[in-house]
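Written out below as structure tokens is the structure these notes cover.
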Amino acid sequence: KQKVYLFSEGNKNMKNLLGGKGANLAEMTNLGLPIPQGFIITTEACNDFLHKNLILTEDLKLEIKNNIFKLEKITGKIFGGTNPLLVSVRSGAPISMPGMMDTILNLGLNDDTVEILSIKINSSFAFSIYSRFIEMFSDIVKNIPREKFACIEEELKKKNIDKDNFYRELTKEYKNLYKITLNEDFPQDPEDQLFQCIIAIFNSWNNNRAKIYRKLNDIDENMGTAVNIQEMVFGNLNNNSGTGVAFTRNPATGENDIFGEYLINAQGEDIVAGIRTPLPISHMKETMPSIYEEFLAYGKQLENHYKEMQDIEFTIENGKLFILQTRNGKRSPYAGIKMAVAMVKENLISKEEAIMRINPKDITILLHGSFSQESLNKEMPLGKGLAGSAGIAVGKIVLRSEDVVDPDSILVRTETSPEDLSGMSIANGILTAKGGLTSHGAVVARSMGKCCVAGCPTLTINLETNKIKIGNMSLKEGEYISIDGYSGNIYKGKLKIDLSDEIEEFYEILNWSKSIKKLSVRMNADTPEDCQRGLRYFAEGVGLCRTEHMFFKTNRIWPMREMIVSDTLEERKSSLEKLKPYQKNDFIEIFKILKEKPVNIRLLDPPLHEFLPTTPEELQKLSKLMKISMAELKYRLQKLEEHNPMLGHRGCRLAVTYPEIYLMQCEAIIEAALEVKKLNINPNIEIMIPLVATFKEFQFIKNKIEENLMNLYPNIKDINYKIGTMIELPRTCLIANKLSKEADFFSFGTNDLTQTTFGISRDDSGKFIEEYKEHHILEKSPFESVDIEGVGELMKIAVDSTRKENPNFKIGICGEQGGDPKTIEYCHNLNLNYVSCSGFRIPIAILAAAQSNI
Ligand code: PEP
Ligand code: MG
């Protein structure tokens, strides 16, 4: 099977085999763009290598040699010959992992070819690239630390050697270091050099930073990397040469304007490493106008071809432009949404494509907002860097990646390297003193959706005193700062945050999603304020109003406590009477806000222990209110204690013992409905009974409720209400069909359903679930995303058996997983009527529901 492909033999659809970079180089070659030619060793060859003895097989070597021969023909140059062919060797995984793996430049140089180039070009250039090759090769292939080379260079600089001889001397010393360290000469045979580099790049798939990156980004471990071997072009040949990176649109703000940086007389690595600060690409318009125009045209051609913002690397060699790489550019969530909408308007993509491009996670990030205008007006920035990645962050200054322990931090570094990855992933934001917008820090922050301010020139970091200085202001590690990834501004202290959901494009995407999705999206809302917020995000009703949450407020908690510790029916009824007006008023408010939209009210399911008094003062107060002795109160509290409150006297079991509780609640609901009827509002009410396990249990409670309502309200027929049940126990899933004969609707309570299916306490899972994830026993907590194999299967049994006889039976989900995109997709496939989740997650749910239907 073919393991090596010339660029002209591939195309963009071969990413899995040729890696992202290789597939795009192939595609661009076929589009006729000026691409330095080369060949690609496939990811399959990498996997063979990694799984079989870590050696290059003779077959593979032969295939590589054949391709070198073909490349020699194409370029008219010879590997190790008098017109020497020099190549770069770069990794290229199917999914881009910026900065994670290795690159070697100028391969093909040896003691002979360097002399040829010396004559052809000049000796300073020839030896500078040779020394660079030795340094890269030594570091990547032989693990000799780069610092050692940097030290040699520093020392040599002190000797004041003339420019022509400096690099010749440097090369000599580098070769010396190589020889002393390894007890062997620097390899002279280009083929041998190449094979060693290929091995090193295959192995780099498994280096630590690549592993962490894959873990953070859910990238398959078994993908492997391809290796790209490409003819070198030199941006560091003279001042008519240069190199740059540009995005066809602004990756931080989404504006449709070319955006990037370049350096004159430099190689690409200089930009990525953030060592020299590059110039904005717009500058090229003046210095190299015709190349600038040519580049703009290629940018447009590539963007129209890929229908995506492109991130393009280019090199100019002695006045001739070459494209070295293109890929879909990483962008901030903010820019992602702006661009997707703009591209629909430019007729580049369809609405559906725009929706599919947005990661639901990005919406969360977007909702993190911006600093309030008010605090921006008040505060003077301490300094300003580049707006590396949109968003804002507030946190404590932390100076070392390994010291970032919680998100309440801003990682402040001179520049970041892949070693900082884990700290970056935890911190709220990243601030660097050096590096441009395409430096490691900015690129990685954008891909993480984290706020980053990069390259603040007035920032200095002192790792000895653990202090930083921004301009004249000195700050200690641990002090709070606020950074603004839209403007690049840095502030002292904690700035106030405003939610930035107001961008037009965000609503546009939501509107398109609404018209495409099939599932309804409701909110879990317990208060009128919750309801208002959810509606702003287009919630289509309330999917769960947990009535016990309505009693947490100060003035209500006392009658609630009285009710819980009541010993007699009279006592309980009297405290219920006190609670009823609160309930009724809340429902009136909610009905007024929701109008005809469905409101699902879940009857009391109190975690009793959360309500009970604990401090001596609270106990005193309750005993006084209830006019009982402390001893009596303590005795009653003791009786209420349970070994397993989650499996105890809760949910509808409470109503079997004390039906008066649910009766009061239903009275409050109906009275509220009758009240708003006077305002011409006809609420759509769903009364929901929690934790039902058996048919008779449901029937018993429902009959009591209906009987009571019929007795009390002669015109109840005018009220649009239904009585249904939650499905939150495995047994309930199995009897769903039978229950559906008595219940008007179902809603999956996947919090309890997960708890009871796994037998894992939802309140205690945090203690061990991380280890389950670490060992890949579980990929995600089942409390975050429905476990499709088990819990999902139970849901399926319930849905299928019910809908078989009653295809229109209304079923939703209201557990916390209802806002998780993967769960939403599953619910869509199960044909549920709606998902319900907390207000902030509604936009995510709307988007995910639309994506499920595309
Ligand atoms: C559930 O169990 O999924 C549910 C929504 O109810 P609660 O979280 O209130 O137990
Ligand atoms: Mg529950």
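Chains: A, B, ... in order of the structure tokens. Residues: from 1 per chain. Ligands: from 1, in order shown.
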
**Asked** If you count only C-alpha atoms and all ligand atoms, which residues end up within 6 Å of ligand 1, as a PyMOL selection string?
**Response** chain A and resi 728+749-752+814-815

Those same residues - N, CA and C atoms - I'd like them written as a PDB file, in the first residue's frame.
ATOM      1  N   GLU A 728     -37.925   9.101  36.629  1.00  0.00           N
ATOM      2  CA  GLU A 728     -36.580   9.267  37.164  1.00  0.00           C
ATOM      3  C   GLU A 728     -36.114   8.050  37.941  1.00  0.00           C
ATOM      4  N   GLY A 749     -36.393  12.784  34.466  1.00  0.00           N
ATOM      5  CA  GLY A 749     -35.530  13.431  35.466  1.00  0.00           C
ATOM      6  C   GLY A 749     -34.227  12.653  35.492  1.00  0.00           C
ATOM      7  N   THR A 750     -33.356  13.028  34.597  1.00  0.00           N
ATOM      8  CA  THR A 750     -32.159  12.194  34.397  1.00  0.00           C
ATOM      9  C   THR A 750     -31.129  12.351  35.525  1.00  0.00           C
ATOM     10  N   ASN A 751     -31.337  13.321  36.417  1.00  0.00           N
ATOM     11  CA  ASN A 751     -30.427  13.375  37.580  1.00  0.00           C
ATOM     12  C   ASN A 751     -30.683  12.165  38.460  1.00  0.00           C
ATOM     13  N   ASP A 752     -31.946  11.993  38.829  1.00  0.00           N
ATOM     14  CA  ASP A 752     -32.253  10.837  39.672  1.00  0.00           C
ATOM     15  C   ASP A 752     -32.176   9.537  38.886  1.00  0.00           C
ATOM     16  N   CYS A 814     -35.815  17.008  31.788  1.00  0.00           N
ATOM     17  CA  CYS A 814     -35.547  18.200  32.590  1.00  0.00           C
ATOM     18  C   CYS A 814     -34.363  18.023  33.532  1.00  0.00           C
ATOM     19  N   GLY A 815     -33.668  16.889  33.446  1.00  0.00           N
ATOM     20  CA  GLY A 815     -32.447  16.734  34.248  1.00  0.00           C
ATOM     21  C   GLY A 815     -31.377  17.687  33.737  1.00  0.00           C
TER      22      GLY A 815
END

**Item:** Selection: 12 Å around range 146-159 of chain A, only C-alpha atoms, excl. self and same-chain fewer than 2 positions, as number ranges by chain
**Value:** A: 128, 131-144, 161-163, 165-178, 181

Report the closest atom pair, with its distance in Å rounded to one decimal, for each residue of chain A that has an atom no farther than 12 Å from ligand 2; count only C-alpha atoms and all ligand atoms, sort by chain and then rising residue number, and write it as a tab-separated table.
residue	atom	partner	partner_atom_place_in_ligand_line	distance
A:Leu544	CA	ligand 2	1 (Mg)	10.5
A:Cys545	CA	ligand 2	1 (Mg)	11.8
A:Arg546	CA	ligand 2	1 (Mg)	9.6
A:Glu548	CA	ligand 2	1 (Mg)	11.9
A:Arg602	CA	ligand 2	1 (Mg)	9.7
A:Leu603	CA	ligand 2	1 (Mg)	11.1
A:Leu604	CA	ligand 2	1 (Mg)	10.6
A:Asp605	CA	ligand 2	1 (Mg)	7.6
A:Pro606	CA	ligand 2	1 (Mg)	9.8
A:Pro607	CA	ligand 2	1 (Mg)	10.0
A:Met646	CA	ligand 2	1 (Mg)	9.3
A:Leu647	CA	ligand 2	1 (Mg)	10.8
A:Arg650	CA	ligand 2	1 (Mg)	9.7
A:Gly651	CA	ligand 2	1 (Mg)	7.9
A:Cys652	CA	ligand 2	1 (Mg)	10.8
A:Met688	CA	ligand 2	1 (Mg)	11.3
A:Ile689	CA	ligand 2	1 (Mg)	10.2
A:Pro690	CA	ligand 2	1 (Mg)	6.6
A:Leu691	CA	ligand 2	1 (Mg)	6.4
A:Val692	CA	ligand 2	1 (Mg)	10.0
A:Thr725	CA	ligand 2	1 (Mg)	11.0
A:Met726	CA	ligand 2	1 (Mg)	7.8
A:Ile727	CA	ligand 2	1 (Mg)	8.6
A:Glu728	CA	ligand 2	1 (Mg)	6.2
A:Leu729	CA	ligand 2	1 (Mg)	9.0
A:Ser747	CA	ligand 2	1 (Mg)	10.3
A:Phe748	CA	ligand 2	1 (Mg)	8.8
A:Gly749	CA	ligand 2	1 (Mg)	5.2
A:Thr750	CA	ligand 2	1 (Mg)	7.3
A:Asn751	CA	ligand 2	1 (Mg)	5.8
A:Asp752	CA	ligand 2	1 (Mg)	4.7
A:Leu753	CA	ligand 2	1 (Mg)	7.5
A:Thr754	CA	ligand 2	1 (Mg)	9.7
A:Gln755	CA	ligand 2	1 (Mg)	9.3
A:Thr756	CA	ligand 2	1 (Mg)	10.2
A:Arg762	CA	ligand 2	1 (Mg)	10.3
A:Phe783	CA	ligand 2	1 (Mg)	12.0
A:Ile813	CA	ligand 2	1 (Mg)	11.1
A:Cys814	CA	ligand 2	1 (Mg)	9.0
A:Gly815	CA	ligand 2	1 (Mg)	7.4
A:Glu816	CA	ligand 2	1 (Mg)	9.9

**Message:** Need the shell around Met664 in chain A: protein/DNA/RNA residues with any atom at most 8 Å away, counting only C-alpha atoms. Skip same-chain ones fewer than 6 positions apart. Format as an NGL selection string?
**Reply:** :A and (576-577 or 580)

Residues just named, written with N, CA and C atoms as a compact mmCIF listing (two decimals), in the first residue's frame:
# COMPACT_ATOMS: atom_id res chain seq x y z
N LEU A 576 -49.06 25.08 56.08
CA LEU A 576 -49.32 25.08 54.63
C LEU A 576 -50.15 26.30 54.24
N GLU A 577 -51.08 26.66 55.08
CA GLU A 577 -51.90 27.85 54.81
C GLU A 577 -51.02 29.09 54.71
N LYS A 580 -49.19 28.99 51.29
CA LYS A 580 -50.01 29.05 50.07
C LYS A 580 -49.99 30.42 49.37

**Message:** So that I can see what lies close to Asp408 in chain A, please list as a PyMOL selection string the residues with an atom at most 7 Å from it, counting only C-alpha atoms and leaving out residues fewer than 2 positions away in the same chain.
**Reply:** chain A and resi 395-396+406+427-428

Would you export the selected residues with N, CA and C atoms as a short mmCIF file (atom, residue, chain, number, x, y, z; two decimals), in the first residue's frame, please?
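New file out00.cif:
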data_model
loop_
_atom_site.label_atom_id
_atom_site.label_comp_id
_atom_site.auth_asym_id
_atom_site.auth_seq_id
_atom_site.Cartn_x
_atom_site.Cartn_y
_atom_site.Cartn_z
N GLY A 395 -8.57 37.60 37.54
CA GLY A 395 -7.98 36.54 38.36
C GLY A 395 -6.72 37.00 39.05
N LYS A 396 -6.20 36.09 39.89
CA LYS A 396 -4.97 36.40 40.61
C LYS A 396 -3.78 36.16 39.70
N ASP A 406 -6.43 26.93 40.25
CA ASP A 406 -7.86 27.09 40.02
C ASP A 406 -8.09 28.19 38.98
N ALA A 427 -6.28 28.34 33.94
CA ALA A 427 -6.41 29.77 34.26
C ALA A 427 -7.58 30.40 33.53
N ASN A 428 -8.08 31.49 34.09
CA ASN A 428 -9.14 32.26 33.46
C ASN A 428 -8.66 32.98 32.21
#

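Counting only C-alpha atoms and comparing A:Leu109, A:Leu830, A:Leu519, A:Ile701, the residue that lies closest to Leu654 in chain A is A:Ile701.
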
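The smallest atom-to-atom distance between Ile824 in chain A and any of A:Lys741, A:Val521, A:Gln193, A:Cys733, using only C-alpha atoms, is found for A:Val521.
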
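Nearest to Gly329 in chain A of all the residues A:Asn250, A:Asn16, A:Gln188, A:Thr732 is A:Asn250, based on only C-alpha atoms.
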
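Here CA of Ala23 in chain A is placed at a distance of 5.3 Å from CA of Asn11 in chain A.
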
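Shortest separation to Ile219 in chain A among A:Leu794, A:Leu237, A:Val4, A:Ala93 occurs at residue A:Ala93, atoms counted being only C-alpha atoms.
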
Counting only C-alpha atoms, what is within 12 Å of Thr103 in chain A, bar same-chain residues fewer than 5 positions away, as a JSON list (two decimals) with N, CA and C atoms, in the first residue's frame?
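And here's around.json as it stands now:
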[["chain", "number", "residue", "atom", "x", "y", "z"],
["A", 87, "VAL", "N", 15.52, 20.62, 2.28],
["A", 87, "VAL", "CA", 14.10, 20.42, 2.58],
["A", 87, "VAL", "C", 13.79, 20.76, 4.04],
["A", 88, "SER", "N", 12.49, 21.03, 4.26],
["A", 88, "SER", "CA", 12.00, 21.11, 5.64],
["A", 88, "SER", "C", 11.28, 19.80, 5.93],
["A", 89, "VAL", "N", 11.29, 19.42, 7.17],
["A", 89, "VAL", "CA", 10.59, 18.20, 7.58],
["A", 89, "VAL", "C", 9.66, 18.61, 8.71],
["A", 90, "ARG", "N", 8.34, 18.43, 8.46],
["A", 90, "ARG", "CA", 7.38, 18.91, 9.47],
["A", 90, "ARG", "C", 6.34, 17.83, 9.75],
["A", 91, "SER", "N", 5.90, 17.82, 10.98],
["A", 91, "SER", "CA", 4.80, 16.93, 11.32],
["A", 91, "SER", "C", 3.50, 17.55, 10.80],
["A", 92, "GLY", "N", 2.48, 16.73, 10.69],
["A", 92, "GLY", "CA", 1.18, 17.25, 10.27],
["A", 92, "GLY", "C", 0.10, 16.23, 10.56],
["A", 98, "PRO", "N", -1.38, 23.03, 16.97],
["A", 98, "PRO", "CA", -0.35, 24.05, 16.77],
["A", 98, "PRO", "C", 0.74, 24.02, 17.83],
["A", 132, "ARG", "N", 21.76, 26.52, 12.04],
["A", 132, "ARG", "CA", 20.38, 26.39, 12.50],
["A", 132, "ARG", "C", 19.89, 24.94, 12.35],
["A", 133, "PHE", "N", 20.25, 24.35, 11.25],
["A", 133, "PHE", "CA", 19.89, 22.95, 11.02],
["A", 133, "PHE", "C", 20.51, 22.06, 12.10],
["A", 135, "GLU", "N", 21.38, 22.85, 15.05],
["A", 135, "GLU", "CA", 20.72, 23.11, 16.34],
["A", 135, "GLU", "C", 19.36, 22.39, 16.41],
["A", 136, "MET", "N", 18.57, 22.52, 15.34],
["A", 136, "MET", "CA", 17.24, 21.89, 15.34],
["A", 136, "MET", "C", 17.35, 20.37, 15.36],
["A", 137, "PHE", "N", 18.25, 19.86, 14.57],
["A", 137, "PHE", "CA", 18.44, 18.41, 14.50],
["A", 137, "PHE", "C", 18.87, 17.89, 15.87],
["A", 139, "ASP", "N", 18.44, 19.17, 18.81],
["A", 139, "ASP", "CA", 17.37, 19.28, 19.80],
["A", 139, "ASP", "C", 16.31, 18.21, 19.56],
["A", 140, "ILE", "N", 15.81, 18.15, 18.33],
["A", 140, "ILE", "CA", 14.64, 17.31, 18.08],
["A", 140, "ILE", "C", 15.01, 15.84, 17.92],
["A", 141, "VAL", "N", 16.10, 15.58, 17.25],
["A", 141, "VAL", "CA", 16.45, 14.17, 17.02],
["A", 141, "VAL", "C", 17.28, 13.61, 18.17],
["A", 197, "CYS", "N", 15.30, 12.20, 11.06],
["A", 197, "CYS", "CA", 14.27, 13.21, 11.36],
["A", 197, "CYS", "C", 12.87, 12.60, 11.31],
["A", 198, "ILE", "N", 12.65, 11.76, 10.31],
["A", 198, "ILE", "CA", 11.31, 11.15, 10.19],
["A", 198, "ILE", "C", 11.01, 10.34, 11.45],
["A", 200, "ALA", "N", 12.21, 10.84, 14.41],
["A", 200, "ALA", "CA", 11.97, 11.76, 15.53],
["A", 200, "ALA", "C", 10.56, 12.34, 15.46],
["A", 201, "ILE", "N", 10.09, 12.64, 14.25],
["A", 201, "ILE", "CA", 8.76, 13.23, 14.13],
["A", 201, "ILE", "C", 7.67, 12.20, 14.43],
["A", 202, "PHE", "N", 7.87, 10.99, 13.94],
["A", 202, "PHE", "CA", 6.92, 9.93, 14.31],
["A", 202, "PHE", "C", 6.86, 9.83, 15.84],
["A", 204, "SER", "N", 7.51, 12.06, 18.00],
["A", 204, "SER", "CA", 6.99, 13.26, 18.67],
["A", 204, "SER", "C", 5.46, 13.18, 18.86],
["A", 227, "VAL", "N", 4.20, 13.12, 7.86],
["A", 227, "VAL", "CA", 5.42, 13.93, 7.83],
["A", 227, "VAL", "C", 5.51, 14.57, 6.45],
["A", 228, "ASN", "N", 5.67, 15.89, 6.45],
["A", 228, "ASN", "CA", 5.76, 16.62, 5.18],
["A", 228, "ASN", "C", 7.21, 16.95, 4.88],
["A", 229, "ILE", "N", 7.67, 16.57, 3.71],
["A", 229, "ILE", "CA", 9.04, 16.91, 3.29],
["A", 229, "ILE", "C", 8.89, 17.84, 2.09],
["A", 230, "GLN", "N", 9.43, 19.05, 2.26],
["A", 230, "GLN", "CA", 9.12, 20.08, 1.27],
["A", 230, "GLN", "C", 10.39, 20.87, 0.95],
["A", 268, "GLY", "N", 10.27, 31.26, 8.96],
["A", 268, "GLY", "CA", 8.95, 31.17, 9.59],
["A", 268, "GLY", "C", 8.99, 30.93, 11.08],
["A", 269, "GLU", "N", 9.93, 30.14, 11.53],
["A", 269, "GLU", "CA", 9.97, 29.81, 12.95],
["A", 269, "GLU", "C", 10.16, 31.07, 13.80],
["A", 272, "VAL", "N", 6.61, 32.29, 14.66],
["A", 272, "VAL", "CA", 5.84, 31.42, 15.55],
["A", 272, "VAL", "C", 6.43, 31.47, 16.96]]

**Request:** Find the residues around Met473 in chain A up to 12 Å (only C-alpha atoms counted), leave out those fewer than 2 positions away in its own chain, and share them as a PyMOL selection string.
**Result:** chain A and resi 381-383+458-461+467-471+475-476+481+490-492

Go ahead and write the selection's residues with N, CA and C atoms as a PDB file, in the first residue's frame.
ATOM      1  N   PRO A 381      -6.256  51.875  32.260  1.00  0.00           N
ATOM      2  CA  PRO A 381      -5.452  50.657  32.090  1.00  0.00           C
ATOM      3  C   PRO A 381      -4.010  50.860  32.579  1.00  0.00           C
ATOM      4  N   LEU A 382      -3.444  49.782  33.132  1.00  0.00           N
ATOM      5  CA  LEU A 382      -2.036  49.827  33.554  1.00  0.00           C
ATOM      6  C   LEU A 382      -1.117  49.729  32.354  1.00  0.00           C
ATOM      7  N   GLY A 383      -1.613  49.036  31.344  1.00  0.00           N
ATOM      8  CA  GLY A 383      -0.798  48.829  30.155  1.00  0.00           C
ATOM      9  C   GLY A 383      -1.654  48.207  29.085  1.00  0.00           C
ATOM     10  N   THR A 458       5.240  46.823  28.030  1.00  0.00           N
ATOM     11  CA  THR A 458       5.667  47.459  29.283  1.00  0.00           C
ATOM     12  C   THR A 458       5.629  46.489  30.464  1.00  0.00           C
ATOM     13  N   LEU A 459       5.381  45.220  30.161  1.00  0.00           N
ATOM     14  CA  LEU A 459       5.299  44.220  31.241  1.00  0.00           C
ATOM     15  C   LEU A 459       6.648  43.547  31.455  1.00  0.00           C
ATOM     16  N   THR A 460       7.111  43.533  32.695  1.00  0.00           N
ATOM     17  CA  THR A 460       8.300  42.734  33.016  1.00  0.00           C
ATOM     18  C   THR A 460       7.969  41.828  34.191  1.00  0.00           C
ATOM     19  N   ILE A 461       8.611  40.669  34.178  1.00  0.00           N
ATOM     20  CA  ILE A 461       8.306  39.659  35.194  1.00  0.00           C
ATOM     21  C   ILE A 461       9.588  39.328  35.938  1.00  0.00           C
ATOM     22  N   LYS A 467       7.314  39.212  41.485  1.00  0.00           N
ATOM     23  CA  LYS A 467       6.564  40.443  41.212  1.00  0.00           C
ATOM     24  C   LYS A 467       6.544  40.717  39.717  1.00  0.00           C
ATOM     25  N   ILE A 468       5.554  41.453  39.291  1.00  0.00           N
ATOM     26  CA  ILE A 468       5.570  41.921  37.905  1.00  0.00           C
ATOM     27  C   ILE A 468       5.490  43.440  37.915  1.00  0.00           C
ATOM     28  N   LYS A 469       5.916  44.021  36.821  1.00  0.00           N
ATOM     29  CA  LYS A 469       5.785  45.463  36.694  1.00  0.00           C
ATOM     30  C   LYS A 469       5.089  45.739  35.360  1.00  0.00           C
ATOM     31  N   ILE A 470       4.055  46.557  35.424  1.00  0.00           N
ATOM     32  CA  ILE A 470       3.428  47.005  34.178  1.00  0.00           C
ATOM     33  C   ILE A 470       3.565  48.520  34.178  1.00  0.00           C
ATOM     34  N   GLY A 471       4.360  49.036  33.277  1.00  0.00           N
ATOM     35  CA  GLY A 471       4.685  50.468  33.336  1.00  0.00           C
ATOM     36  C   GLY A 471       5.360  50.740  34.676  1.00  0.00           C
ATOM     37  N   LEU A 475       3.278  44.852  40.926  1.00  0.00           N
ATOM     38  CA  LEU A 475       2.222  44.009  41.496  1.00  0.00           C
ATOM     39  C   LEU A 475       2.822  42.694  41.961  1.00  0.00           C
ATOM     40  N   LYS A 476       2.290  42.166  43.062  1.00  0.00           N
ATOM     41  CA  LYS A 476       2.794  40.891  43.585  1.00  0.00           C
ATOM     42  C   LYS A 476       1.993  39.722  43.027  1.00  0.00           C
ATOM     43  N   ILE A 481      -5.771  41.033  38.826  1.00  0.00           N
ATOM     44  CA  ILE A 481      -5.778  41.919  37.667  1.00  0.00           C
ATOM     45  C   ILE A 481      -6.952  41.520  36.762  1.00  0.00           C
ATOM     46  N   ILE A 490      -4.984  46.102  30.182  1.00  0.00           N
ATOM     47  CA  ILE A 490      -4.756  45.384  31.440  1.00  0.00           C
ATOM     48  C   ILE A 490      -5.091  46.340  32.586  1.00  0.00           C
ATOM     49  N   TYR A 491      -5.846  45.863  33.554  1.00  0.00           N
ATOM     50  CA  TYR A 491      -6.265  46.717  34.668  1.00  0.00           C
ATOM     51  C   TYR A 491      -5.867  46.084  36.000  1.00  0.00           C
ATOM     52  N   LYS A 492      -5.713  46.928  36.985  1.00  0.00           N
ATOM     53  CA  LYS A 492      -5.457  46.442  38.340  1.00  0.00           C
ATOM     54  C   LYS A 492      -6.811  46.094  38.961  1.00  0.00           C
TER      55      LYS A 492
END

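Atom pair CA of Asn472 in chain A / CA of Ala393 in chain A: separated by 22.1 Å.
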
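Backbone DSSP over range 600-651 of chain A yields helix (DSSP H, G or I) at A:Leu608, A:His609, A:Glu610, A:Phe611, A:Pro616, A:Glu617, A:Glu618, A:Leu619, A:Gln620, A:Lys621, A:Leu622, A:Ser623, A:Lys624, A:Leu625, A:Met626, A:Met630, A:Ala631, A:Glu632, A:Leu633, A:Lys634, A:Tyr635, A:Arg636, A:Leu637, A:Gln638, A:Lys639, A:Leu640, A:Pro645, A:Met646, A:Leu647.
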
**Request:** Would you kindly return, as a ChimeraX atom specification, each protein, DNA or RNA residue with an atom no farther than 7 Å from any atom of Arg731 in chain A, considering only C-alpha atoms and excluding same-chain residues fewer than 3 positions away?
**Result:** /A:693,734-735

Serialized selection, N, CA and C atoms, as a PDB file, in the first residue's frame:
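Resulting contents of result.pdb:
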ATOM      1  N   ALA A 693     -42.761   5.636  41.199  1.00  0.00           N
ATOM      2  CA  ALA A 693     -42.178   4.338  40.874  1.00  0.00           C
ATOM      3  C   ALA A 693     -43.237   3.356  40.386  1.00  0.00           C
ATOM      4  N   LEU A 734     -39.591   1.105  32.885  1.00  0.00           N
ATOM      5  CA  LEU A 734     -40.091  -0.191  32.437  1.00  0.00           C
ATOM      6  C   LEU A 734     -41.620  -0.261  32.426  1.00  0.00           C
ATOM      7  N   ILE A 735     -42.276   0.588  33.221  1.00  0.00           N
ATOM      8  CA  ILE A 735     -43.752   0.562  33.227  1.00  0.00           C
ATOM      9  C   ILE A 735     -44.341   1.801  32.543  1.00  0.00           C
TER      10      ILE A 735
END

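Checking A:Lys704, A:His51, A:Lys77, A:Lys21 one by one against Glu313 in chain A, counting only C-alpha atoms, you find the shortest gap at A:Lys21.
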